[in-house]
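Everything below concerns the one structure shown next.
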Amino acid sequence: MDGLFYIMNNQLIYTVTQINNYSSDILKKELSNVWVTGEISSLKKYPSGYTYITLKDSKSELSCVCSYQLAPNIVEGMEVAVNGSADIYTFKGNYQFRVSNIFLKGQGDLWLKYSKIKDKLEKEGLFDSNYKKKIPTYVQNIGIITSLEGSVLSDIRNIIKRRSPYVKLFLINSRVSGNAAIDNLCESIDNFNQLDYIDVIILARGGGSIEDLSIFNDERLVRQIFKSKKPIISAIGHETDFTLSDFVSDLRASTPSEAAERCCISSSKLKDKINYDYDRIYLEIVNLFENGKNRVDSSSNILKNYLETDFVIKRREKVLFIYNLLYRLIINKKYTLFNLISTNEKIFKKYDDNKIKKLGYSILRKDNKIIKNLDDLNIDDKISIDMFRGNIKAKIKELND
């Protein structure tokens with residue numbers, strides 16, 4: 001029996017599952033995102049991808065579980081500090097600690113500093129969801145803060161080019177490691193905030209050690225992100241890496257590629273949205289016209305029943321005038337909306353280069369810029385030719401005017 005029931009003295013009776021679930025909820029609430037330090041007394045890795053660890057101190061032991069990616073280099077006997085939450089494996093009723101981060105001995109100062117700053121800023125409300133800014137639905141201009149070294153920028157550019165080629169990217173090349181990077185990152189955020197056309201900022205860095213990522217736990221940087229008027233998406237380290245910059249940002253992405261995907265709508269979805277809005281506006285116009293016509297016809301029928309009265313006869317011309325005025329207003333509104341729909345549709349089709357390429361035309365690019373004039377090319381220039389199906393890389397051998 002899964003539900004609770006009563007005995008004669010009205011005492012509540014729980015099932016085993018209910019007790020385990022209830023205990024699990026309490027532990028998750030009271031012991032979530034906490035730190036534990038100890039020595040690894042046993043370590044077992046399983047094909048399922050999970051690693052089971054026993055932590056101990058001088059008096060007690062604690063059973064822990066984490067993913068294999070978190071524990072590739074740890075061994076028995078190591079002194080570690082782990083971050084995670086207490087839980088109950090409800091199927092067996094076993095108490096365990098689910099680990100989300102592991103710090104080796106020697107990194108203790110880093111996580112102690114991290115924990116101290118996190119508690120301070122959390123009490124001030126910097127991580128409160130009420131202060132999170134909404135990412136705009138239709139993003140057109142993205143500001144990227146990252147280093148040109150590494151693959152972060154190319155990952156973001158590839159995603160945007162494939163999914164949302166209508167979006168423009170603006171880069172500030174910034175340091176993302178070392179103490180000097182903190183001032184550099186703060187200045188970059190401030191510079192993007194002064195540009196009105198920037199819709200959203202992506203703060204990104206590839207993977208690295210705990211020490212490398214520690215600059216993103218700096219209090220100055222966290223406060224700079226918090227006071228940013230532009231929404232900021234953090235994409236720092238790998239999926240399992242969490243920094244204070246992630247907590248204060250308006251949105252956290254596990255990778256730079258995910259940040260690019262989550263901040264803008266794909267071209268296909270945008271086309272579907274335009275088609276949906278077109279159909280909706282058209283139906284609203286038709287319904288508006290039909291409802292207006294029905295109201296006028298209904299009023300006309302009512303008036304016909306009283307045409308013989310002196311009151312109606314004296315006001316017949318006025319009623320006809322209002323009827324014609326209302327009719328003209330409805331017709332004018334209809335054509336105005338139709339023209340608006342037609343204009344937007346032409347603008348959208350104008351920039352549909354696939355339609356042009358399907359007719360047999362190709363687009364010539366040099367350094368990702370469309371070439372319109374022979375004067376923009378030189379002998380031995382490398383060019384790219386985009387066709388409806390496929391892309392050609394070529395080199396200029398001869399130019400003829």
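The way I read the labels, and the way they are meant: chains A, B, ... in the order of the structure tokens, residue 1 as the first residue of every chain, and ligand 1 as the first ligand shown, with later ones counted on from there.
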
Would you list, as number ranges by chain, the residues of stretch 172-394 of chain A that end up in helix (DSSP H, G or I) under DSSP run on this structure's backbone? A: 180-193, 210-217, 219-226, 244-248, 256-262, 267-304, 310-314, 316-350, 353-358, 374-376

So that I can check the surroundings of A:Asp380, please list as a PDB file with C-alpha atoms, in the first residue's frame every protein, DNA and RNA residue that reaches within 9 Å of it, counting only C-alpha atoms and ignoring chain neighbours fewer than 5 positions away.
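The resulting file, out_20.pdb, is shown below:
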ATOM      1  CA  LYS A 395      42.738  30.749 -55.340  1.00  0.00           C
ATOM      2  CA  ILE A 396      42.770  33.690 -57.789  1.00  0.00           C
ATOM      3  CA  LYS A 397      45.049  33.011 -60.762  1.00  0.00           C
ATOM      4  CA  GLU A 398      43.789  35.645 -63.209  1.00  0.00           C
TER       5      GLU A 398
END

Name the residues in contact with A:Asn179 at a cut-off of 12 Å, using only C-alpha atoms, excluding same-chain residues fewer than 3 positions from it; report them as a PDB file with N, CA and C atoms, in the first residue's frame.
ATOM      1  N   ARG A 175      42.204  38.674 -21.334  1.00  0.00           N
ATOM      2  CA  ARG A 175      42.874  37.601 -20.607  1.00  0.00           C
ATOM      3  C   ARG A 175      41.847  36.819 -19.796  1.00  0.00           C
ATOM      4  N   VAL A 176      42.047  35.510 -19.699  1.00  0.00           N
ATOM      5  CA  VAL A 176      41.117  34.678 -18.927  1.00  0.00           C
ATOM      6  C   VAL A 176      41.861  33.818 -17.908  1.00  0.00           C
ATOM      7  N   ILE A 182      41.698  39.762 -14.094  1.00  0.00           N
ATOM      8  CA  ILE A 182      40.520  40.260 -13.374  1.00  0.00           C
ATOM      9  C   ILE A 182      40.180  41.681 -13.797  1.00  0.00           C
ATOM     10  N   ASP A 183      41.186  42.574 -13.787  1.00  0.00           N
ATOM     11  CA  ASP A 183      40.941  43.952 -14.234  1.00  0.00           C
ATOM     12  C   ASP A 183      40.543  43.977 -15.698  1.00  0.00           C
ATOM     13  N   ASN A 184      41.178  43.120 -16.504  1.00  0.00           N
ATOM     14  CA  ASN A 184      40.882  43.046 -17.931  1.00  0.00           C
ATOM     15  C   ASN A 184      39.424  42.653 -18.177  1.00  0.00           C
ATOM     16  N   LEU A 185      38.949  41.644 -17.447  1.00  0.00           N
ATOM     17  CA  LEU A 185      37.570  41.169 -17.604  1.00  0.00           C
ATOM     18  C   LEU A 185      36.559  42.219 -17.143  1.00  0.00           C
ATOM     19  N   GLU A 211      43.077  26.184 -10.205  1.00  0.00           N
ATOM     20  CA  GLU A 211      43.815  27.441 -10.077  1.00  0.00           C
ATOM     21  C   GLU A 211      43.512  28.380 -11.242  1.00  0.00           C
ATOM     22  N   ASP A 212      43.439  27.816 -12.465  1.00  0.00           N
ATOM     23  CA  ASP A 212      43.163  28.629 -13.652  1.00  0.00           C
ATOM     24  C   ASP A 212      41.794  29.296 -13.566  1.00  0.00           C
ATOM     25  N   LEU A 213      40.822  28.547 -13.063  1.00  0.00           N
ATOM     26  CA  LEU A 213      39.447  29.065 -13.016  1.00  0.00           C
ATOM     27  C   LEU A 213      39.190  29.937 -11.794  1.00  0.00           C
ATOM     28  N   SER A 214      40.140  29.996 -10.875  1.00  0.00           N
ATOM     29  CA  SER A 214      39.904  30.708  -9.617  1.00  0.00           C
ATOM     30  C   SER A 214      39.698  32.207  -9.804  1.00  0.00           C
ATOM     31  N   ILE A 215      40.177  32.784 -10.917  1.00  0.00           N
ATOM     32  CA  ILE A 215      39.967  34.219 -11.123  1.00  0.00           C
ATOM     33  C   ILE A 215      38.484  34.540 -11.277  1.00  0.00           C
ATOM     34  N   PHE A 216      37.694  33.549 -11.720  1.00  0.00           N
ATOM     35  CA  PHE A 216      36.261  33.767 -11.891  1.00  0.00           C
ATOM     36  C   PHE A 216      35.516  33.669 -10.559  1.00  0.00           C
ATOM     37  N   ASN A 217      36.261  33.443  -9.464  1.00  0.00           N
ATOM     38  CA  ASN A 217      35.695  33.505  -8.118  1.00  0.00           C
ATOM     39  C   ASN A 217      36.065  34.815  -7.430  1.00  0.00           C
ATOM     40  N   ASP A 218      36.777  35.696  -8.137  1.00  0.00           N
ATOM     41  CA  ASP A 218      37.210  36.955  -7.542  1.00  0.00           C
ATOM     42  C   ASP A 218      36.014  37.864  -7.252  1.00  0.00           C
ATOM     43  N   ARG A 220      35.732  41.109  -7.029  1.00  0.00           N
ATOM     44  CA  ARG A 220      35.572  42.279  -7.908  1.00  0.00           C
ATOM     45  C   ARG A 220      34.859  41.913  -9.200  1.00  0.00           C
ATOM     46  N   LEU A 221      35.250  40.782  -9.788  1.00  0.00           N
ATOM     47  CA  LEU A 221      34.626  40.345 -11.033  1.00  0.00           C
ATOM     48  C   LEU A 221      33.158  39.988 -10.815  1.00  0.00           C
TER      49      LEU A 221
END

Would you kindly return, as number ranges by chain, each protein, DNA or RNA residue with an atom no farther than 10 Å from any atom of stretch 78-92 of chain A, considering only C-alpha atoms and excluding same-chain residues fewer than 4 positions away? A: 16-41, 55-57, 63-66, 74, 96-108, 111-112

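Residue nearest A:Thr137 within the list A:Cys264, A:Val319, A:Met387, A:Ile274: A:Cys264 [criterion: smallest interatomic distance, only C-alpha atoms].
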
Residue nearest A:Asn73 - candidates A:Lys366, A:Lys45, A:Lys59, A:Lys333, atoms counted: only C-alpha atoms: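 With only C-alpha atoms as the atom set, the closest residue is A:Lys45.
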
Extract, using only C-alpha atoms, all DNA, RNA and protein residues at most 9 Å from A:Arg389, discarding same-chain residues fewer than 2 positions from it, and format them as JSON, numbers by chain. {"A": [357, 358, 386, 387, 391]}

Rows by chain and residue number, stretch 110-132 of chain A within 10 Å of stretch 247-259 of chain A, shortest pair, only C-alpha atoms, as JSON lines:
{"residue": "A:Lys118", "atom": "CA", "partner": "A:Phe247", "partner_atom": "CA", "distance": 9.2}
{"residue": "A:Leu121", "atom": "CA", "partner": "A:Val248", "partner_atom": "CA", "distance": 9.3}
{"residue": "A:Glu122", "atom": "CA", "partner": "A:Val248", "partner_atom": "CA", "distance": 9.4}
{"residue": "A:Gly125", "atom": "CA", "partner": "A:Val248", "partner_atom": "CA", "distance": 9.5}
{"residue": "A:Leu126", "atom": "CA", "partner": "A:Val248", "partner_atom": "CA", "distance": 6.2}
{"residue": "A:Phe127", "atom": "CA", "partner": "A:Val248", "partner_atom": "CA", "distance": 4.9}
{"residue": "A:Asp128", "atom": "CA", "partner": "A:Val248", "partner_atom": "CA", "distance": 8.0}
{"residue": "A:Ser129", "atom": "CA", "partner": "A:Asp250", "partner_atom": "CA", "distance": 8.3}
{"residue": "A:Tyr131", "atom": "CA", "partner": "A:Asp250", "partner_atom": "CA", "distance": 8.1}
{"residue": "A:Lys132", "atom": "CA", "partner": "A:Asp250", "partner_atom": "CA", "distance": 4.8}

Output C-alpha atoms of each residue in that selection to a file, as a compact mmCIF listing (two decimals), in the first residue's frame.
# COMPACT_ATOMS: atom_id res chain seq x y z
CA LYS A 118 30.36 32.78 -1.68
CA LEU A 121 27.93 37.50 -1.48
CA GLU A 122 25.03 35.08 -1.00
CA GLY A 125 21.68 38.69 -2.32
CA LEU A 126 23.98 38.79 -5.36
CA PHE A 127 22.94 35.27 -6.37
CA ASP A 128 19.20 35.87 -5.84
CA SER A 129 17.10 34.89 -8.85
CA TYR A 131 18.03 40.06 -9.78
CA LYS A 132 18.54 37.87 -12.85

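The nearest approach to A:Glu290 among the residues A:Ile356, A:Val75, A:Ile330, A:Ile379, with only C-alpha atoms taken into account, belongs to A:Ile330.
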
Report the distance between atom CA of A:Gln69 and atom CA of A:Ser245 in Å, rounded to one decimal place.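 Result for atom CA of A:Gln69 versus atom CA of A:Ser245: 22.2 Å, one decimal.
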
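Counting from atom CA of A:Phe226, the distance to atom CA of A:Lys134 is 13.4 Å.
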
Closest of A:Gly237, A:Tyr323, A:Gln140, A:Ile135 to A:Asn294 - atom-to-atom distances counting only C-alpha atoms: A:Tyr323

What separation in Å, quoted to one decimal, exists between atom CA of A:Val222 and atom CA of A:Ile236? 13.3 Å

Tell me, as a ChimeraX atom specification, which residues lie within 12 Å of stretch 280-286 of chain A, counting only C-alpha atoms; anything in the same chain fewer than 4 positions away does not count. /A:273-276,290-293,330-342

Taking only stretch 78-155 of chain A into account, list the residues labelled strand (DSSP E) by DSSP (computed from the backbone), as a list of chain:residue names.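 So, restricting stretch 78-155 of chain A to strand (DSSP E), we get A:Glu79, A:Val80, A:Ala81, A:Val82, A:Asn83, A:Gly84, A:Ser85, A:Ala86, A:Asp87, A:Ile88, A:Tyr89, A:Asn94, A:Tyr95, A:Gln96, A:Phe97, A:Arg98, A:Val99, A:Ser100, A:Asn101, A:Ile102, A:Phe103, A:Leu104, A:Asn141, A:Ile142, A:Gly143, A:Ile144, A:Ile145, A:Thr146.
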
Please produce a file of those selected residues containing N, CA and C atoms, as a PDB file, in the first residue's frame.
ATOM      1  N   GLU A  79      44.130  13.234   0.922  1.00  0.00           N
ATOM      2  CA  GLU A  79      43.329  14.190   1.672  1.00  0.00           C
ATOM      3  C   GLU A  79      42.605  15.067   0.656  1.00  0.00           C
ATOM      4  N   VAL A  80      41.281  15.112   0.745  1.00  0.00           N
ATOM      5  CA  VAL A  80      40.500  15.882  -0.224  1.00  0.00           C
ATOM      6  C   VAL A  80      39.440  16.713   0.492  1.00  0.00           C
ATOM      7  N   ALA A  81      38.924  17.694  -0.225  1.00  0.00           N
ATOM      8  CA  ALA A  81      37.742  18.446   0.209  1.00  0.00           C
ATOM      9  C   ALA A  81      36.721  18.311  -0.904  1.00  0.00           C
ATOM     10  N   VAL A  82      35.488  17.909  -0.569  1.00  0.00           N
ATOM     11  CA  VAL A  82      34.461  17.692  -1.578  1.00  0.00           C
ATOM     12  C   VAL A  82      33.293  18.641  -1.336  1.00  0.00           C
ATOM     13  N   ASN A  83      32.664  18.995  -2.434  1.00  0.00           N
ATOM     14  CA  ASN A  83      31.485  19.859  -2.385  1.00  0.00           C
ATOM     15  C   ASN A  83      30.302  19.072  -2.951  1.00  0.00           C
ATOM     16  N   GLY A  84      29.154  19.133  -2.284  1.00  0.00           N
ATOM     17  CA  GLY A  84      28.005  18.390  -2.772  1.00  0.00           C
ATOM     18  C   GLY A  84      26.839  18.465  -1.802  1.00  0.00           C
ATOM     19  N   SER A  85      25.970  17.447  -1.850  1.00  0.00           N
ATOM     20  CA  SER A  85      24.755  17.437  -1.040  1.00  0.00           C
ATOM     21  C   SER A  85      24.506  16.047  -0.475  1.00  0.00           C
ATOM     22  N   ALA A  86      23.976  16.014   0.727  1.00  0.00           N
ATOM     23  CA  ALA A  86      23.611  14.741   1.354  1.00  0.00           C
ATOM     24  C   ALA A  86      22.292  14.259   0.792  1.00  0.00           C
ATOM     25  N   ASP A  87      22.164  12.940   0.675  1.00  0.00           N
ATOM     26  CA  ASP A  87      20.955  12.373   0.075  1.00  0.00           C
ATOM     27  C   ASP A  87      20.770  10.946   0.602  1.00  0.00           C
ATOM     28  N   ILE A  88      19.618  10.354   0.266  1.00  0.00           N
ATOM     29  CA  ILE A  88      19.348   8.960   0.603  1.00  0.00           C
ATOM     30  C   ILE A  88      19.023   8.213  -0.683  1.00  0.00           C
ATOM     31  N   TYR A  89      19.686   7.089  -0.887  1.00  0.00           N
ATOM     32  CA  TYR A  89      19.348   6.196  -2.000  1.00  0.00           C
ATOM     33  C   TYR A  89      18.072   5.468  -1.582  1.00  0.00           C
ATOM     34  N   ASN A  94      19.859   3.774   1.891  1.00  0.00           N
ATOM     35  CA  ASN A  94      21.245   4.048   2.304  1.00  0.00           C
ATOM     36  C   ASN A  94      21.535   5.539   2.256  1.00  0.00           C
ATOM     37  N   TYR A  95      22.200   6.034   3.278  1.00  0.00           N
ATOM     38  CA  TYR A  95      22.609   7.436   3.375  1.00  0.00           C
ATOM     39  C   TYR A  95      23.914   7.629   2.609  1.00  0.00           C
ATOM     40  N   GLN A  96      23.993   8.684   1.767  1.00  0.00           N
ATOM     41  CA  GLN A  96      25.210   8.924   0.994  1.00  0.00           C
ATOM     42  C   GLN A  96      25.358  10.417   0.696  1.00  0.00           C
ATOM     43  N   PHE A  97      26.553  10.765   0.256  1.00  0.00           N
ATOM     44  CA  PHE A  97      26.870  12.162  -0.078  1.00  0.00           C
ATOM     45  C   PHE A  97      27.179  12.227  -1.574  1.00  0.00           C
ATOM     46  N   ARG A  98      26.379  13.015  -2.318  1.00  0.00           N
ATOM     47  CA  ARG A  98      26.576  13.147  -3.765  1.00  0.00           C
ATOM     48  C   ARG A  98      27.549  14.289  -4.033  1.00  0.00           C
ATOM     49  N   VAL A  99      28.691  13.956  -4.619  1.00  0.00           N
ATOM     50  CA  VAL A  99      29.789  14.910  -4.811  1.00  0.00           C
ATOM     51  C   VAL A  99      29.646  15.610  -6.166  1.00  0.00           C
ATOM     52  N   SER A 100      29.774  16.940  -6.161  1.00  0.00           N
ATOM     53  CA  SER A 100      29.744  17.713  -7.407  1.00  0.00           C
ATOM     54  C   SER A 100      31.111  18.302  -7.754  1.00  0.00           C
ATOM     55  N   ASN A 101      32.007  18.432  -6.760  1.00  0.00           N
ATOM     56  CA  ASN A 101      33.360  18.934  -7.001  1.00  0.00           C
ATOM     57  C   ASN A 101      34.322  18.300  -6.001  1.00  0.00           C
ATOM     58  N   ILE A 102      35.547  18.044  -6.457  1.00  0.00           N
ATOM     59  CA  ILE A 102      36.573  17.465  -5.588  1.00  0.00           C
ATOM     60  C   ILE A 102      37.830  18.339  -5.657  1.00  0.00           C
ATOM     61  N   PHE A 103      38.368  18.694  -4.487  1.00  0.00           N
ATOM     62  CA  PHE A 103      39.597  19.479  -4.410  1.00  0.00           C
ATOM     63  C   PHE A 103      40.645  18.648  -3.673  1.00  0.00           C
ATOM     64  N   LEU A 104      41.821  18.535  -4.278  1.00  0.00           N
ATOM     65  CA  LEU A 104      42.897  17.786  -3.651  1.00  0.00           C
ATOM     66  C   LEU A 104      43.568  18.613  -2.558  1.00  0.00           C
ATOM     67  N   ASN A 141      22.708  41.258 -31.652  1.00  0.00           N
ATOM     68  CA  ASN A 141      24.113  41.600 -31.469  1.00  0.00           C
ATOM     69  C   ASN A 141      24.623  41.005 -30.155  1.00  0.00           C
ATOM     70  N   ILE A 142      25.656  40.160 -30.248  1.00  0.00           N
ATOM     71  CA  ILE A 142      26.210  39.475 -29.080  1.00  0.00           C
ATOM     72  C   ILE A 142      27.630  39.975 -28.818  1.00  0.00           C
ATOM     73  N   GLY A 143      27.893  40.364 -27.583  1.00  0.00           N
ATOM     74  CA  GLY A 143      29.243  40.734 -27.175  1.00  0.00           C
ATOM     75  C   GLY A 143      29.931  39.545 -26.533  1.00  0.00           C
ATOM     76  N   ILE A 144      31.122  39.203 -27.001  1.00  0.00           N
ATOM     77  CA  ILE A 144      31.852  38.034 -26.498  1.00  0.00           C
ATOM     78  C   ILE A 144      33.122  38.503 -25.796  1.00  0.00           C
ATOM     79  N   ILE A 145      33.298  38.053 -24.552  1.00  0.00           N
ATOM     80  CA  ILE A 145      34.518  38.335 -23.800  1.00  0.00           C
ATOM     81  C   ILE A 145      35.259  37.022 -23.604  1.00  0.00           C
ATOM     82  N   THR A 146      36.385  36.869 -24.283  1.00  0.00           N
ATOM     83  CA  THR A 146      37.181  35.654 -24.164  1.00  0.00           C
ATOM     84  C   THR A 146      38.560  35.926 -24.746  1.00  0.00           C
TER      85      THR A 146
END
